[in-house]
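**Q** Just entry.cif, nothing more (mmCIF, C-alpha atoms and all ligand atoms):
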```
data_model
#
loop_
_atom_site.label_atom_id
_atom_site.label_comp_id
_atom_site.auth_asym_id
_atom_site.auth_seq_id
_atom_site.Cartn_x
_atom_site.Cartn_y
_atom_site.Cartn_z
CA MET A 245 52.71 151.34 63.24
CA ILE A 246 56.21 151.81 61.91
CA LYS A 247 58.77 149.18 62.84
CA LYS A 248 62.57 149.14 62.99
CA PRO A 249 64.92 146.16 62.81
CA PHE A 250 66.63 145.17 66.05
CA LYS A 251 69.25 142.44 65.54
CA ASP A 252 67.22 139.50 64.13
CA ILE A 253 63.74 140.85 64.94
CA GLU A 254 61.60 143.94 64.27
CA LEU A 255 60.31 146.19 67.01
CA SER A 256 57.55 148.76 66.86
CA ARG A 257 58.93 152.30 67.29
CA LEU A 258 56.31 152.93 69.96
CA GLY A 259 56.30 150.73 73.05
CA LEU A 260 53.80 150.47 75.86
CA GLY A 261 55.07 151.36 79.32
CA ASN A 262 53.10 149.54 81.99
CA MET A 263 53.66 151.71 85.06
CA ARG A 264 50.98 154.37 84.91
CA TYR A 265 47.77 152.42 84.99
CA ILE A 266 44.62 153.55 86.71
CA LEU A 267 44.11 151.76 90.04
CA THR A 268 40.87 150.32 91.39
CA ASP A 269 41.13 152.93 94.14
CA PRO A 270 43.03 155.94 92.77
CA GLU A 271 43.31 157.35 96.33
CA ASN A 272 45.17 154.23 97.48
CA GLY A 273 48.50 153.71 95.72
CA ASN A 274 48.61 150.09 96.91
CA SER A 275 45.29 149.09 95.38
CA PRO A 276 45.31 146.71 92.40
CA ILE A 277 45.42 147.94 88.81
CA ASP A 278 41.96 148.37 87.28
CA ARG A 279 42.12 145.30 85.00
CA PRO A 280 39.35 146.17 82.48
CA LYS A 281 40.81 149.64 81.87
CA ALA A 282 44.42 148.43 81.71
CA HIS A 283 43.61 145.46 79.48
CA ALA A 284 41.68 147.71 77.09
CA VAL A 285 44.84 149.80 76.64
CA ILE A 286 47.09 146.73 76.25
CA ASP A 287 44.71 145.15 73.73
CA ALA A 288 44.41 148.38 71.74
CA ALA A 289 48.21 148.67 71.70
CA TYR A 290 48.62 145.11 70.43
CA GLU A 291 45.87 145.44 67.84
CA ASN A 292 47.50 148.62 66.50
CA GLY A 293 50.87 146.98 65.94
CA ILE A 294 52.75 147.78 69.16
CA ASN A 295 54.85 144.71 69.97
CA TYR A 296 57.07 145.96 72.84
CA PHE A 297 55.61 145.90 76.36
CA ASP A 298 57.71 147.23 79.23
CA THR A 299 57.21 146.44 82.90
CA ALA A 300 59.35 146.02 86.05
CA TYR A 301 59.48 143.99 89.24
CA VAL A 302 58.74 147.08 91.32
CA TYR A 303 55.91 148.60 89.26
CA ASN A 304 52.73 148.50 91.33
CA SER A 305 54.51 146.10 93.71
CA GLY A 306 54.36 143.37 91.09
CA ASP A 307 50.81 143.97 89.91
CA SER A 308 52.02 145.52 86.65
CA GLU A 309 53.77 142.25 85.74
CA ARG A 310 50.71 140.21 86.71
CA CYS A 311 48.33 142.49 84.82
CA LEU A 312 50.48 142.38 81.67
CA GLY A 313 50.96 138.62 81.91
CA GLU A 314 47.20 138.07 82.16
CA ALA A 315 46.48 140.35 79.19
CA MET A 316 49.00 138.69 76.88
CA GLN A 317 47.85 135.11 77.41
CA LYS A 318 45.44 135.32 74.49
CA TYR A 319 48.14 136.27 71.97
CA PRO A 320 50.74 133.99 70.32
CA ARG A 321 53.91 134.26 72.41
CA ASP A 322 56.11 134.96 69.38
CA SER A 323 53.98 137.94 68.31
CA PHE A 324 55.14 140.33 71.07
CA TYR A 325 58.15 141.16 73.23
CA ILE A 326 58.21 141.70 76.98
CA ALA A 327 60.76 143.93 78.69
CA ASP A 328 61.20 143.43 82.44
CA LYS A 329 63.72 144.62 85.01
CA PHE A 330 65.69 143.53 88.06
CA HIS A 331 65.99 146.16 90.79
CA GLN A 332 68.88 145.27 93.09
CA HIS A 333 67.76 147.58 95.89
CA ALA A 334 64.16 146.32 95.92
CA ASN A 335 65.21 142.68 96.28
CA PRO A 336 68.85 141.62 95.88
CA ASP A 337 68.00 137.91 95.43
CA TYR A 338 68.24 137.97 91.62
CA GLU A 339 67.54 134.27 91.17
CA ALA A 340 64.32 134.41 93.19
CA VAL A 341 63.25 137.67 91.51
CA PHE A 342 63.72 136.24 88.03
CA GLU A 343 61.74 133.08 88.80
CA GLU A 344 58.97 135.14 90.37
CA GLN A 345 58.81 137.41 87.33
CA LEU A 346 58.36 134.47 84.95
CA LYS A 347 55.49 133.25 87.13
CA ARG A 348 53.83 136.66 87.34
CA LEU A 349 54.13 137.10 83.58
CA GLN A 350 53.01 133.49 82.91
CA THR A 351 55.83 132.97 80.45
CA ASP A 352 59.03 130.94 80.10
CA ARG A 353 61.20 133.76 78.79
CA ILE A 354 61.68 137.50 79.06
CA ASP A 355 62.68 139.02 75.75
CA PHE A 356 64.35 142.21 76.97
CA TYR A 357 65.82 142.06 80.46
CA LEU A 358 67.21 145.14 82.15
CA LEU A 359 69.21 145.94 85.24
CA HIS A 360 66.90 148.60 86.60
CA CYS A 361 67.82 152.20 87.36
CA ILE A 362 71.62 152.32 87.28
CA MET A 363 72.69 155.39 89.24
CA ASP A 364 76.00 156.88 90.31
CA GLY A 365 75.56 155.31 93.76
CA ASN A 366 74.57 151.77 92.77
CA ALA A 367 76.47 151.00 89.54
CA ASP A 368 79.26 149.15 91.35
CA THR A 369 76.78 147.05 93.29
CA TYR A 370 75.22 145.89 90.04
CA MET A 371 78.65 145.15 88.57
CA ASN A 372 79.86 143.18 91.60
CA CYS A 373 76.85 141.36 93.03
CA GLY A 374 76.94 138.44 90.59
CA CYS A 375 73.62 139.22 88.93
CA ILE A 376 75.11 139.93 85.51
CA ASP A 377 76.75 136.48 85.27
CA TYR A 378 73.49 134.92 86.37
CA PHE A 379 71.44 136.79 83.77
CA LEU A 380 74.00 135.95 81.07
CA LYS A 381 73.52 132.30 82.00
CA GLN A 382 69.75 132.74 81.62
CA LYS A 383 70.42 134.24 78.22
CA GLU A 384 72.41 131.16 77.20
CA LEU A 385 69.46 129.04 78.37
CA GLY A 386 67.04 131.05 76.21
CA ARG A 387 65.18 132.43 79.21
CA ILE A 388 66.40 135.95 78.41
CA ARG A 389 66.72 137.03 74.81
CA TYR A 390 68.51 140.39 75.10
CA LEU A 391 70.26 141.86 78.15
CA GLY A 392 70.53 145.58 78.85
CA PHE A 393 70.05 148.18 81.54
CA SER A 394 68.13 151.33 82.32
CA SER A 395 70.04 154.32 83.62
CA HIS A 396 69.53 157.51 85.57
CA ALA A 397 73.27 157.82 86.12
CA GLY A 398 75.34 160.82 85.11
CA PRO A 399 77.44 160.63 81.92
CA ASP A 400 80.65 159.43 83.62
CA THR A 401 78.99 156.50 85.37
CA LEU A 402 76.95 155.73 82.28
CA ARG A 403 80.09 155.48 80.17
CA ARG A 404 81.79 153.26 82.75
CA PHE A 405 78.78 150.98 83.07
CA ALA A 406 78.02 150.85 79.36
CA SER A 407 81.66 149.92 78.62
CA PHE A 408 81.78 147.24 81.32
CA ARG A 409 80.56 144.52 78.98
CA LYS A 410 78.76 144.16 75.66
CA TRP A 411 75.13 145.15 76.20
CA ASP A 412 72.35 144.49 73.72
CA PHE A 413 70.54 147.77 74.49
CA ALA A 414 70.15 150.50 77.10
CA GLN A 415 67.25 152.62 78.26
CA ILE A 416 67.65 156.26 79.26
CA GLN A 417 65.45 159.25 80.02
CA LEU A 418 65.42 161.13 76.74
CA ASN A 419 63.30 164.14 75.78
CA TYR A 420 63.93 167.55 74.30
CA TYR A 421 64.00 169.30 77.69
CA ASP A 422 66.71 167.05 79.10
CA TRP A 423 68.49 167.20 75.73
CA TYR A 424 68.67 171.00 75.74
CA TYR A 425 69.15 171.68 79.44
CA ASN A 426 70.46 168.49 81.13
CA THR A 427 72.76 165.65 80.12
CA ALA A 428 70.50 163.57 77.84
CA LYS A 429 72.38 164.56 74.66
CA GLU A 430 75.71 163.50 76.18
CA GLU A 431 74.22 160.22 77.40
CA TYR A 432 72.69 159.47 74.00
CA GLU A 433 76.02 160.19 72.30
CA ILE A 434 77.92 157.91 74.69
CA LEU A 435 75.59 155.00 73.92
CA THR A 436 75.65 155.74 70.20
CA GLU A 437 79.46 155.85 70.18
CA LEU A 438 79.50 152.44 71.93
CA GLY A 439 77.06 151.00 69.38
CA ILE A 440 74.27 150.43 71.93
CA PRO A 441 70.70 150.97 70.69
CA VAL A 442 68.68 153.34 72.89
CA MET A 443 65.28 152.56 74.33
CA VAL A 444 63.65 155.82 75.33
CA MET A 445 61.88 156.40 78.62
CA GLU A 446 60.16 159.62 79.69
CA PRO A 447 59.92 161.07 76.16
CA VAL A 448 57.32 163.55 77.51
CA ARG A 449 59.17 163.95 80.83
CA GLY A 450 56.55 162.23 82.96
CA GLY A 451 53.82 164.22 81.19
CA ARG A 452 55.37 167.64 81.90
CA LEU A 453 55.92 168.31 78.18
CA ALA A 454 52.33 167.38 77.34
CA SER A 455 51.28 170.95 78.05
CA LEU A 456 53.60 173.95 78.10
CA THR A 457 53.09 177.57 79.04
CA PRO A 458 50.82 179.64 76.70
CA ASN A 459 53.81 181.48 75.15
CA ALA A 460 55.56 178.26 74.27
CA GLU A 461 52.46 176.49 73.02
CA ALA A 462 51.62 179.42 70.73
CA VAL A 463 54.97 179.00 68.94
CA LEU A 464 54.34 175.30 68.35
CA LYS A 465 50.71 175.75 67.31
CA LYS A 466 51.68 178.44 64.81
CA ALA A 467 54.19 176.13 63.13
CA HIS A 468 51.91 173.06 62.98
CA PRO A 469 48.33 173.71 64.10
CA ASP A 470 47.46 170.04 63.55
CA TRP A 471 50.21 168.61 65.80
CA SER A 472 49.39 168.07 69.47
CA ILE A 473 51.80 169.51 72.05
CA PRO A 474 52.93 166.06 73.33
CA SER A 475 53.45 164.88 69.75
CA TRP A 476 56.32 167.39 69.40
CA ALA A 477 58.11 165.55 72.19
CA MET A 478 57.52 162.18 70.54
CA ARG A 479 58.61 163.49 67.15
CA PHE A 480 61.84 164.83 68.68
CA VAL A 481 63.00 161.46 70.03
CA LYS A 482 61.67 159.59 67.00
CA SER A 483 63.96 161.78 64.85
CA LEU A 484 67.14 160.60 66.61
CA ALA A 485 68.73 157.86 64.51
CA ASN A 486 69.90 155.62 67.37
CA THR A 487 66.56 155.50 69.19
CA GLN A 488 64.86 152.13 68.94
CA VAL A 489 61.64 151.88 70.96
CA ILE A 490 60.04 154.97 72.45
CA LEU A 491 58.09 154.06 75.55
CA SER A 492 54.88 155.76 76.47
CA GLY A 493 52.84 154.97 79.58
CA MET A 494 49.54 155.43 77.79
CA ASN A 495 46.57 155.04 80.05
CA SER A 496 43.87 156.42 77.79
CA LEU A 497 42.83 155.56 74.26
CA GLU A 498 42.92 159.25 73.33
CA GLN A 499 46.61 159.43 74.26
CA MET A 500 47.26 156.22 72.36
CA ASN A 501 45.53 157.51 69.22
CA ASP A 502 47.66 160.66 69.28
CA ASN A 503 50.81 158.53 69.58
CA LEU A 504 49.64 156.11 66.89
CA ASN A 505 49.21 159.05 64.56
CA THR A 506 52.78 160.23 65.30
CA PHE A 507 54.17 156.75 64.68
CA SER A 508 52.21 156.05 61.52
CA ASP A 509 55.10 157.18 59.32
CA ASP A 510 58.87 157.55 59.41
CA SER A 511 58.95 161.35 59.11
CA VAL A 512 61.49 163.24 61.21
CA LEU A 513 61.58 166.84 62.39
CA SER A 514 62.99 169.19 59.75
CA GLU A 515 65.70 171.68 60.69
CA ALA A 516 63.07 174.42 60.71
CA ASP A 517 60.88 172.38 63.08
CA GLN A 518 63.89 171.72 65.33
CA ALA A 519 64.45 175.47 65.56
CA VAL A 520 60.78 176.06 66.38
CA LEU A 521 60.93 173.45 69.13
CA LYS A 522 64.06 174.98 70.65
CA GLU A 523 62.44 178.42 70.61
CA ALA A 524 59.35 177.04 72.37
CA ALA A 525 61.47 175.13 74.89
CA ASP A 526 63.45 178.27 75.74
CA LEU A 527 60.22 180.22 76.29
CA PHE A 528 58.82 177.41 78.42
CA ARG A 529 61.96 177.26 80.53
CA ALA A 530 62.07 181.02 80.97
CA ASP A 531 58.45 180.94 82.15
CA ILE A 532 58.92 178.19 84.72
CA VAL A 533 62.48 178.46 85.94
CA VAL A 534 63.83 180.84 88.58
CA PRO A 535 66.91 182.54 87.06
CA CYS A 536 69.26 181.94 89.99
CA THR A 537 72.92 182.18 88.94
CA ALA A 538 74.22 180.60 92.18
CA CYS A 539 76.26 183.73 92.95
CA ARG A 540 75.53 183.09 96.67
CA TYR A 541 75.26 186.79 97.60
CA CYS A 542 72.09 185.86 99.47
CA THR A 543 73.42 183.14 101.70
CA GLU A 544 75.82 185.08 103.94
CA GLY A 545 73.16 187.24 105.51
CA CYS A 546 70.58 184.51 106.04
CA PRO A 547 70.03 184.18 109.81
CA MET A 548 68.70 180.66 109.34
CA GLN A 549 71.70 179.56 107.21
CA ILE A 550 69.54 178.23 104.41
CA ASN A 551 71.41 177.07 101.32
CA ILE A 552 69.19 179.17 99.08
CA PRO A 553 70.67 178.49 95.60
CA GLU A 554 70.66 174.73 96.14
CA TYR A 555 67.01 174.77 97.23
CA LEU A 556 66.19 176.93 94.20
CA LYS A 557 67.71 174.19 92.03
CA VAL A 558 65.29 171.73 93.64
CA TYR A 559 62.50 174.25 93.02
CA ASN A 560 63.40 174.53 89.34
CA GLU A 561 63.59 170.79 88.85
CA TRP A 562 60.17 170.49 90.51
CA LYS A 563 58.63 173.11 88.20
CA ALA A 564 60.14 171.42 85.14
CA SER A 565 58.91 167.97 86.20
CA GLY A 566 55.48 168.64 87.63
CA GLY A 567 54.01 166.57 90.46
CA ARG A 568 55.77 166.82 93.83
CA PRO A 569 59.32 168.04 94.48
CA ASP A 570 61.95 165.31 94.21
CA MET A 571 62.57 164.38 97.87
CA ASP A 572 65.90 162.72 97.08
CA LEU A 573 67.18 166.02 95.69
CA TYR A 574 65.57 167.97 98.52
CA ASN A 575 67.10 165.80 101.23
CA ALA A 576 70.50 165.82 99.51
CA VAL A 577 70.93 169.60 99.90
CA ALA A 578 73.75 170.32 102.37
CA SER A 579 72.26 173.08 104.50
CA GLU A 580 72.01 174.13 108.15
CA GLY A 581 68.52 175.52 107.67
CA THR A 582 65.66 174.11 105.61
CA PRO A 583 63.07 176.11 103.63
CA ASP A 584 60.40 175.69 106.33
CA MET A 585 62.72 177.56 108.75
CA CYS A 586 62.67 180.74 106.63
CA ILE A 587 61.39 183.64 108.78
CA ALA A 588 60.72 185.87 105.75
CA CYS A 589 63.10 188.57 107.00
CA GLY A 590 63.76 189.55 103.37
CA ALA A 591 67.53 190.01 103.78
CA CYS A 592 68.21 187.66 100.86
CA ALA A 593 65.72 189.16 98.41
CA GLY A 594 67.09 192.64 99.11
CA ILE A 595 70.55 191.64 97.94
CA CYS A 596 69.72 189.27 95.06
CA PRO A 597 70.93 190.75 91.74
CA GLN A 598 68.25 188.76 89.92
CA SER A 599 65.44 190.21 92.08
CA ILE A 600 64.19 186.74 92.95
CA ALA A 601 61.36 186.62 95.49
CA ILE A 602 63.30 184.11 97.58
CA PRO A 603 61.11 183.92 100.72
CA ASP A 604 57.97 183.28 98.62
CA LEU A 605 59.63 180.51 96.64
CA LEU A 606 61.07 178.86 99.73
CA LYS A 607 57.63 178.92 101.34
CA GLU A 608 56.10 177.36 98.22
CA LEU A 609 58.74 174.63 98.27
CA ALA A 610 58.35 174.05 102.03
CA ASP A 611 54.56 173.72 101.67
CA ALA A 612 54.95 171.30 98.76
CA VAL A 613 57.15 168.89 100.69
CA LYS A 614 54.98 168.80 103.83
S1 LIG A 701 63.97 185.60 104.04
FE1 LIG A 701 64.34 183.49 104.69
S2 LIG A 701 65.90 182.73 103.31
FE2 LIG A 701 65.89 184.96 103.13
S3 LIG A 701 67.46 185.64 104.57
FE3 LIG A 701 65.52 185.67 105.68
S4 LIG A 701 65.40 183.67 106.66
FE4 LIG A 701 66.99 183.52 105.10
S1 LIG A 702 71.55 186.09 95.31
FE1 LIG A 702 69.92 185.52 93.90
S2 LIG A 702 71.00 184.76 92.08
FE2 LIG A 702 72.52 184.83 93.76
S3 LIG A 702 72.44 182.75 94.66
FE3 LIG A 702 71.00 184.01 95.80
S4 LIG A 702 69.04 183.66 94.78
FE4 LIG A 702 70.61 182.98 93.38
#
```
Take the structure in the file and write it out as structure tokens.
**A**
Amino acid sequence: MIKKPFKDIELSRLGLGNMRYILTDPENGNSPIDRPKAHAVIDAAYENGINYFDTAYVYNSGDSERCLGEAMQKYPRDSFYIADKFHQHANPDYEAVFEEQLKRLQTDRIDFYLLHCIMDGNADTYMNCGCIDYFLKQKELGRIRYLGFSSHAGPDTLRRFASFRKWDFAQIQLNYYDWYYNTAKEEYEILTELGIPVMVMEPVRGGRLASLTPNAEAVLKKAHPDWSIPSWAMRFVKSLANTQVILSGMNSLEQMNDNLNTFSDDSVLSEADQAVLKEAADLFRADIVVPCTACRYCTEGCPMQINIPEYLKVYNEWKASGGRPDMDLYNAVASEGTPDMCIACGACAGICPQSIAIPDLLKELADAVK
């Protein structure tokens, strides 16, 4: 496992994210984490040189912290680092949350402490609620070693928040898809300019980049037949100079072995490999994304007054992320009509310059959010 200096310590380049464990009852999201399976992954991570373990107050309603705390009891406390997070919305009582976290983790300090999930709508609350002063005090007392934040905010809010005080580190969603097509590159550059090391979350975009479309995979396989598809995503973020720890929510030993192989040396993607990856990403995107240009020719004639281009954006984000559509995005669309109200009259499709099968896509989206 390759390591990289961080201030006065050394961190493994690969970190273990503790939010995707298998539950005792996979059908019941509130059931406890399957301890033998989770501890096998944690132990394998530790034994293979991973020394950064990331959890949060809200993961598995606290069971992630408990599960990690139990697993780490057998190891010397100075041989690993725990990252944990305070989520203002989940429980605003920061003092009580912090004490509870120490108990759940069975430790007297949290090495990397993060304000969790800074967004455009909550950044000011975090800045004004008093929690930062409290956590700085805990840092002085040695109960927190490094203080940072994780962000899903847009670039403007990120810059404002990151400049608000001196942070030890920050964690952002960073992967080649968001780098090419969203704002990840801009966010990374803001943090780099401010001298803040970047912890990477979602390097494989929640697993969506673990398998691409056949066209895209063929390009990658041709270039490096021995590299797995997800390893391209890990190699991309590993190649960025200001990335520190790259988190992966590994819940199988097979996945861990693939990652361990990627992080067994300091190699970075060559320029030729970068070009191959961009070519594959473009093919992947073209295969999954509806090419709506937001011209809005379709909306005027819609008898149900559905905001078609905005719902197609939600559709595209869903296809690029996998899983279920993002309900926050879905509910945020300003529209008189919703996709389930489409009567398939076809007026929109008949006028769309991109020949998009709008009624079919709206029906697919409506069915997926039921
Ligand atoms: S097919 Fe659906 S979305 Fe298109 S115009 Fe008719 S009602 Fe509106
Ligand atoms: S007409 Fe077609 S391209 Fe234009 S906004 Fe509607 S769906 Fe998008």
**Q** Quick one: residues within 8 Å of range 428-445 of chain A, all atoms listed in the file, excluding same-chain residues fewer than 6 positions away - as a list of chain:residue names?
**A**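 The neighbour list is A:Gly398, A:Pro399, A:Leu402, A:Arg403, A:Ala406, A:Ser407, A:Trp411, A:Asp412, A:Phe413, A:Ala414, A:Gln415, A:Ile416, A:Gln417, A:Leu418, A:Asn419, A:Asp422, A:Val481, A:Asn486, A:Thr487, A:Gln488, A:Val489, A:Ile490, A:Leu491, A:Ser492.
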**Q** Using only C-alpha atoms - which residues lie no farther than 9 Å from the point (65.0, 172.8, 72.6) in the file's frame? Write them as a short mmCIF file (atom, residue, chain, number, x, y, z; two decimals) with C-alpha atoms, keeping the file's coordinate frame.
**A**
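Done, and the output landed in selection.cif:
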```
data_model
loop_
_atom_site.label_atom_id
_atom_site.label_comp_id
_atom_site.auth_asym_id
_atom_site.auth_seq_id
_atom_site.Cartn_x
_atom_site.Cartn_y
_atom_site.Cartn_z
CA TYR A 420 63.93 167.55 74.30
CA TYR A 421 64.00 169.30 77.69
CA ASP A 422 66.71 167.05 79.10
CA TRP A 423 68.49 167.20 75.73
CA TYR A 424 68.67 171.00 75.74
CA TYR A 425 69.15 171.68 79.44
CA GLN A 518 63.89 171.72 65.33
CA ALA A 519 64.45 175.47 65.56
CA VAL A 520 60.78 176.06 66.38
CA LEU A 521 60.93 173.45 69.13
CA LYS A 522 64.06 174.98 70.65
CA GLU A 523 62.44 178.42 70.61
CA ALA A 524 59.35 177.04 72.37
CA ALA A 525 61.47 175.13 74.89
CA ASP A 526 63.45 178.27 75.74
#
```
**Q** Which residues are near Leu258 in chain A? Cut-off 12 Å, only C-alpha atoms, ignore same chain within fewer than 6 positions. Put them as number ranges by chain.
**A** A: 245-248, 289-290, 292-298, 443-445, 447, 478-479, 481-482, 487-494, 500-510
**Q** Could the residues in this selection be written to a file with C-alpha atoms, as a short mmCIF file (atom, residue, chain, number, x, y, z; two decimals), in the coordinates of the input?
**A**
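The result, stored in selection.cif:
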```
data_model
loop_
_atom_site.label_atom_id
_atom_site.label_comp_id
_atom_site.auth_asym_id
_atom_site.auth_seq_id
_atom_site.Cartn_x
_atom_site.Cartn_y
_atom_site.Cartn_z
CA MET A 245 52.71 151.34 63.24
CA ILE A 246 56.21 151.81 61.91
CA LYS A 247 58.77 149.18 62.84
CA LYS A 248 62.57 149.14 62.99
CA ALA A 289 48.21 148.67 71.70
CA TYR A 290 48.62 145.11 70.43
CA ASN A 292 47.50 148.62 66.50
CA GLY A 293 50.87 146.98 65.94
CA ILE A 294 52.75 147.78 69.16
CA ASN A 295 54.85 144.71 69.97
CA TYR A 296 57.07 145.96 72.84
CA PHE A 297 55.61 145.90 76.36
CA ASP A 298 57.71 147.23 79.23
CA MET A 443 65.28 152.56 74.33
CA VAL A 444 63.65 155.82 75.33
CA MET A 445 61.88 156.40 78.62
CA PRO A 447 59.92 161.07 76.16
CA MET A 478 57.52 162.18 70.54
CA ARG A 479 58.61 163.49 67.15
CA VAL A 481 63.00 161.46 70.03
CA LYS A 482 61.67 159.59 67.00
CA THR A 487 66.56 155.50 69.19
CA GLN A 488 64.86 152.13 68.94
CA VAL A 489 61.64 151.88 70.96
CA ILE A 490 60.04 154.97 72.45
CA LEU A 491 58.09 154.06 75.55
CA SER A 492 54.88 155.76 76.47
CA GLY A 493 52.84 154.97 79.58
CA MET A 494 49.54 155.43 77.79
CA MET A 500 47.26 156.22 72.36
CA ASN A 501 45.53 157.51 69.22
CA ASP A 502 47.66 160.66 69.28
CA ASN A 503 50.81 158.53 69.58
CA LEU A 504 49.64 156.11 66.89
CA ASN A 505 49.21 159.05 64.56
CA THR A 506 52.78 160.23 65.30
CA PHE A 507 54.17 156.75 64.68
CA SER A 508 52.21 156.05 61.52
CA ASP A 509 55.10 157.18 59.32
CA ASP A 510 58.87 157.55 59.41
#
```
**Q** Neighbours of ligand LIG 702 (chain A) within 6 Å, counting all atoms listed in the file, as an NGL selection string?
**A** :A and (536-542 or 553 or 596-598 or 600)
**Q** May I have the residues within 6 Å of range 307-322 of chain A as a PDB file with C-alpha atoms, in the coordinates of the input, using only C-alpha atoms and disregarding those fewer than 2 positions away in the same chain?
**A**
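Once written, selection-v9.pdb looks like this:
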```
ATOM      1  CA  HIS A 283      43.610 145.460  79.480  1.00  0.00           C
ATOM      2  CA  TYR A 303      55.910 148.600  89.260  1.00  0.00           C
ATOM      3  CA  ASN A 304      52.730 148.500  91.330  1.00  0.00           C
ATOM      4  CA  SER A 305      54.510 146.100  93.710  1.00  0.00           C
ATOM      5  CA  PHE A 324      55.140 140.330  71.070  1.00  0.00           C
ATOM      6  CA  ARG A 348      53.830 136.660  87.340  1.00  0.00           C
ATOM      7  CA  LEU A 349      54.130 137.100  83.580  1.00  0.00           C
ATOM      8  CA  GLN A 350      53.010 133.490  82.910  1.00  0.00           C
TER       9      GLN A 350
END
```
**Q** Give me the chain A side of the contact with ligand LIG 701 (chain A), cut-off 12 Å, one line per residue showing its nearest atom pair and distance in Å at one decimal, counting all atoms listed in the file, sorted by chain and residue number, as a Markdown table.
**A**
```
| residue | atom | partner | partner_atom | distance |
| --- | --- | --- | --- | --- |
| A:Arg540 | CA | A:LIG701 | S3 | 11.6 |
| A:Tyr541 | CA | A:LIG701 | S3 | 10.5 |
| A:Cys542 | CA | A:LIG701 | S3 | 6.9 |
| A:Thr543 | CA | A:LIG701 | S3 | 7.1 |
| A:Glu544 | CA | A:LIG701 | S3 | 8.4 |
| A:Gly545 | CA | A:LIG701 | S3 | 6.0 |
| A:Cys546 | CA | A:LIG701 | S3 | 3.6 |
| A:Pro547 | CA | A:LIG701 | S4 | 5.6 |
| A:Met548 | CA | A:LIG701 | S4 | 5.2 |
| A:Gln549 | CA | A:LIG701 | FE4 | 6.5 |
| A:Ile550 | CA | A:LIG701 | S2 | 5.9 |
| A:Asn551 | CA | A:LIG701 | S2 | 8.1 |
| A:Ile552 | CA | A:LIG701 | S2 | 6.4 |
| A:Pro553 | CA | A:LIG701 | S2 | 10.0 |
| A:Glu554 | CA | A:LIG701 | S2 | 11.8 |
| A:Tyr555 | CA | A:LIG701 | S2 | 10.1 |
| A:Leu556 | CA | A:LIG701 | S2 | 10.8 |
| A:Ser579 | CA | A:LIG701 | S2 | 11.6 |
| A:Glu580 | CA | A:LIG701 | FE4 | 11.1 |
| A:Gly581 | CA | A:LIG701 | FE4 | 8.5 |
| A:Thr582 | CA | A:LIG701 | S2 | 8.9 |
| A:Pro583 | CA | A:LIG701 | S2 | 7.2 |
| A:Asp584 | CA | A:LIG701 | FE1 | 8.9 |
| A:Met585 | CA | A:LIG701 | S4 | 7.0 |
| A:Cys586 | CA | A:LIG701 | FE1 | 3.8 |
| A:Ile587 | CA | A:LIG701 | S4 | 4.5 |
| A:Ala588 | CA | A:LIG701 | S1 | 3.7 |
| A:Cys589 | CA | A:LIG701 | FE3 | 4.0 |
| A:Gly590 | CA | A:LIG701 | S1 | 4.0 |
| A:Ala591 | CA | A:LIG701 | S3 | 4.4 |
| A:Cys592 | CA | A:LIG701 | FE2 | 4.2 |
| A:Ala593 | CA | A:LIG701 | FE2 | 6.3 |
| A:Gly594 | CA | A:LIG701 | FE2 | 8.8 |
| A:Ile595 | CA | A:LIG701 | S3 | 9.5 |
| A:Cys596 | CA | A:LIG701 | FE2 | 9.9 |
| A:Ile600 | CA | A:LIG701 | FE2 | 10.5 |
| A:Ala601 | CA | A:LIG701 | S1 | 9.0 |
| A:Ile602 | CA | A:LIG701 | FE2 | 6.2 |
| A:Pro603 | CA | A:LIG701 | S1 | 4.7 |
| A:Asp604 | CA | A:LIG701 | S1 | 8.4 |
| A:Leu605 | CA | A:LIG701 | S2 | 9.4 |
| A:Leu606 | CA | A:LIG701 | S2 | 7.1 |
| A:Lys607 | CA | A:LIG701 | FE1 | 8.8 |
| A:Leu609 | CA | A:LIG701 | S2 | 11.9 |
| A:Ala610 | CA | A:LIG701 | FE1 | 11.5 |
```
**Q** Using all atoms listed in the file, what table do you get, as a Markdown table, when you list each residue of range 322-348 of chain A with an atom no more than 10 Å from range 372-391 of chain A, its nearest pair of atoms, and their distance in Å rounded to one decimal, rows by chain then rising number?
**A**
```
| residue | atom | partner | partner_atom | distance |
| --- | --- | --- | --- | --- |
| A:Tyr325 | CA | A:Arg389 | CA | 9.6 |
| A:Ile326 | CA | A:Arg389 | CA | 9.9 |
| A:Ala327 | CA | A:Tyr390 | CA | 9.2 |
| A:Asp328 | CA | A:Ile388 | CA | 10.0 |
| A:Lys329 | CA | A:Leu391 | CA | 9.9 |
| A:Phe330 | CA | A:Cys375 | CA | 9.1 |
| A:Gln332 | CA | A:Cys375 | CA | 8.7 |
| A:Pro336 | CA | A:Cys373 | CA | 8.5 |
| A:Asp337 | CA | A:Cys375 | CA | 8.7 |
| A:Tyr338 | CA | A:Cys375 | CA | 6.1 |
| A:Glu339 | CA | A:Tyr378 | CA | 7.7 |
| A:Phe342 | CA | A:Phe379 | CA | 8.8 |
| A:Leu346 | CA | A:Arg387 | CA | 9.1 |
```
**Q** Would you work out the distance separating CA of Val341 in chain A from CA of Asn495 in chain A, expressed in Å to one decimal?
**A**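 Going from CA of Val341 in chain A over to CA of Asn495 in chain A, I get 26.7 Å.
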**Q** Rounded to one decimal, what separation in Å do you get between CA of Asp364 in chain A and CA of Thr401 in chain A?
**A**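 If I compute the distance from CA of Asp364 in chain A to CA of Thr401 in chain A, I get 5.8 Å.
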**Q** CA of Asn459 in chain A and CA of Arg264 in chain A, how far apart in Å?
**A** 29.0 Å
**Q** Using all atoms listed in the file, pick whichever of A:Trp476, A:Phe528, A:Phe393, A:Phe405 has the shortest atom-to-atom distance to Leu456 in chain A.
**A**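 Closest residue, counting all atoms listed in the file: A:Phe528.
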